[in-house]
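What follows is a single structure, written as structure tokens, with notes after it.
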Amino acid sequence: MPRVRTSEAEEQRRFLGIVIKANMQRHEVDCDSLMKRTGIKKSTHYRRIREPDTMTVGELKKYIKILGISDEDLIYCLKGGEKPC
């Protein structure tokens, strides 16, 4: 079966979910404690990881504050451009 290529826009869209997961591991925040601190239900959290375009600005602000998401990662997720290392 041929390899499926994703567009840059698709990769950029999915990068936010990857950033959230990576920062959860980096800061040793498990899913349950993140749900308590953000006030977001677990099912909603997993949907936001899978489909970041459905995330509200308020939810994004909570993730940024609690997980310490870098400005570079955030700008790439929202605006595109050069992928951060």
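All residue names refer to the structure tokens as shown: chains lettered A, B, ... in order, residues numbered from 1 in each chain, ligands numbered from 1 in order.
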
Non-local contacts of region 24-31 of chain A (7 Å; only C-alpha atoms; under 4 positions in same chain excluded) as a ChimeraX atom specification: /A:20,35,67

Those of chain A in DSSP helix (DSSP H, G or I), formatted as a PyMOL selection string: chain A and resi 8-26+31-38+42-50+52-54+57-67+71-79

Long-range neighbours of region 38-46 of chain A as a ChimeraX atom specification, 8 Å cut-off, only C-alpha atoms, 4 positions minimum in chain: /A:31-32,34,50,59,62-63,66

How close does region 6-25 of chain A get to region 73-77 of chain A? List, as a tab-separated table, each residue of region 6-25 of chain A within 8 Å, its nearest atom pair and the distance in Å to one decimal, counting only C-alpha atoms.
residue	atom	partner	partner_atom	distance
A:Gln12	CA	A:Cys77	CA	5.5
A:Arg13	CA	A:Cys77	CA	6.3
A:Phe15	CA	A:Cys77	CA	6.2
A:Leu16	CA	A:Cys77	CA	5.7
A:Val19	CA	A:Asp73	CA	7.3

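A straight line drawn from CA of Thr54 (chain A) to CA of Ile18 (chain A) is 15.3 Å long.
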
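For the set A:Ser33, A:Met55, A:Lys21, A:Arg48, the residue with the smallest atom-to-atom gap to Ile69 (chain A) is A:Lys21, counting only C-alpha atoms.
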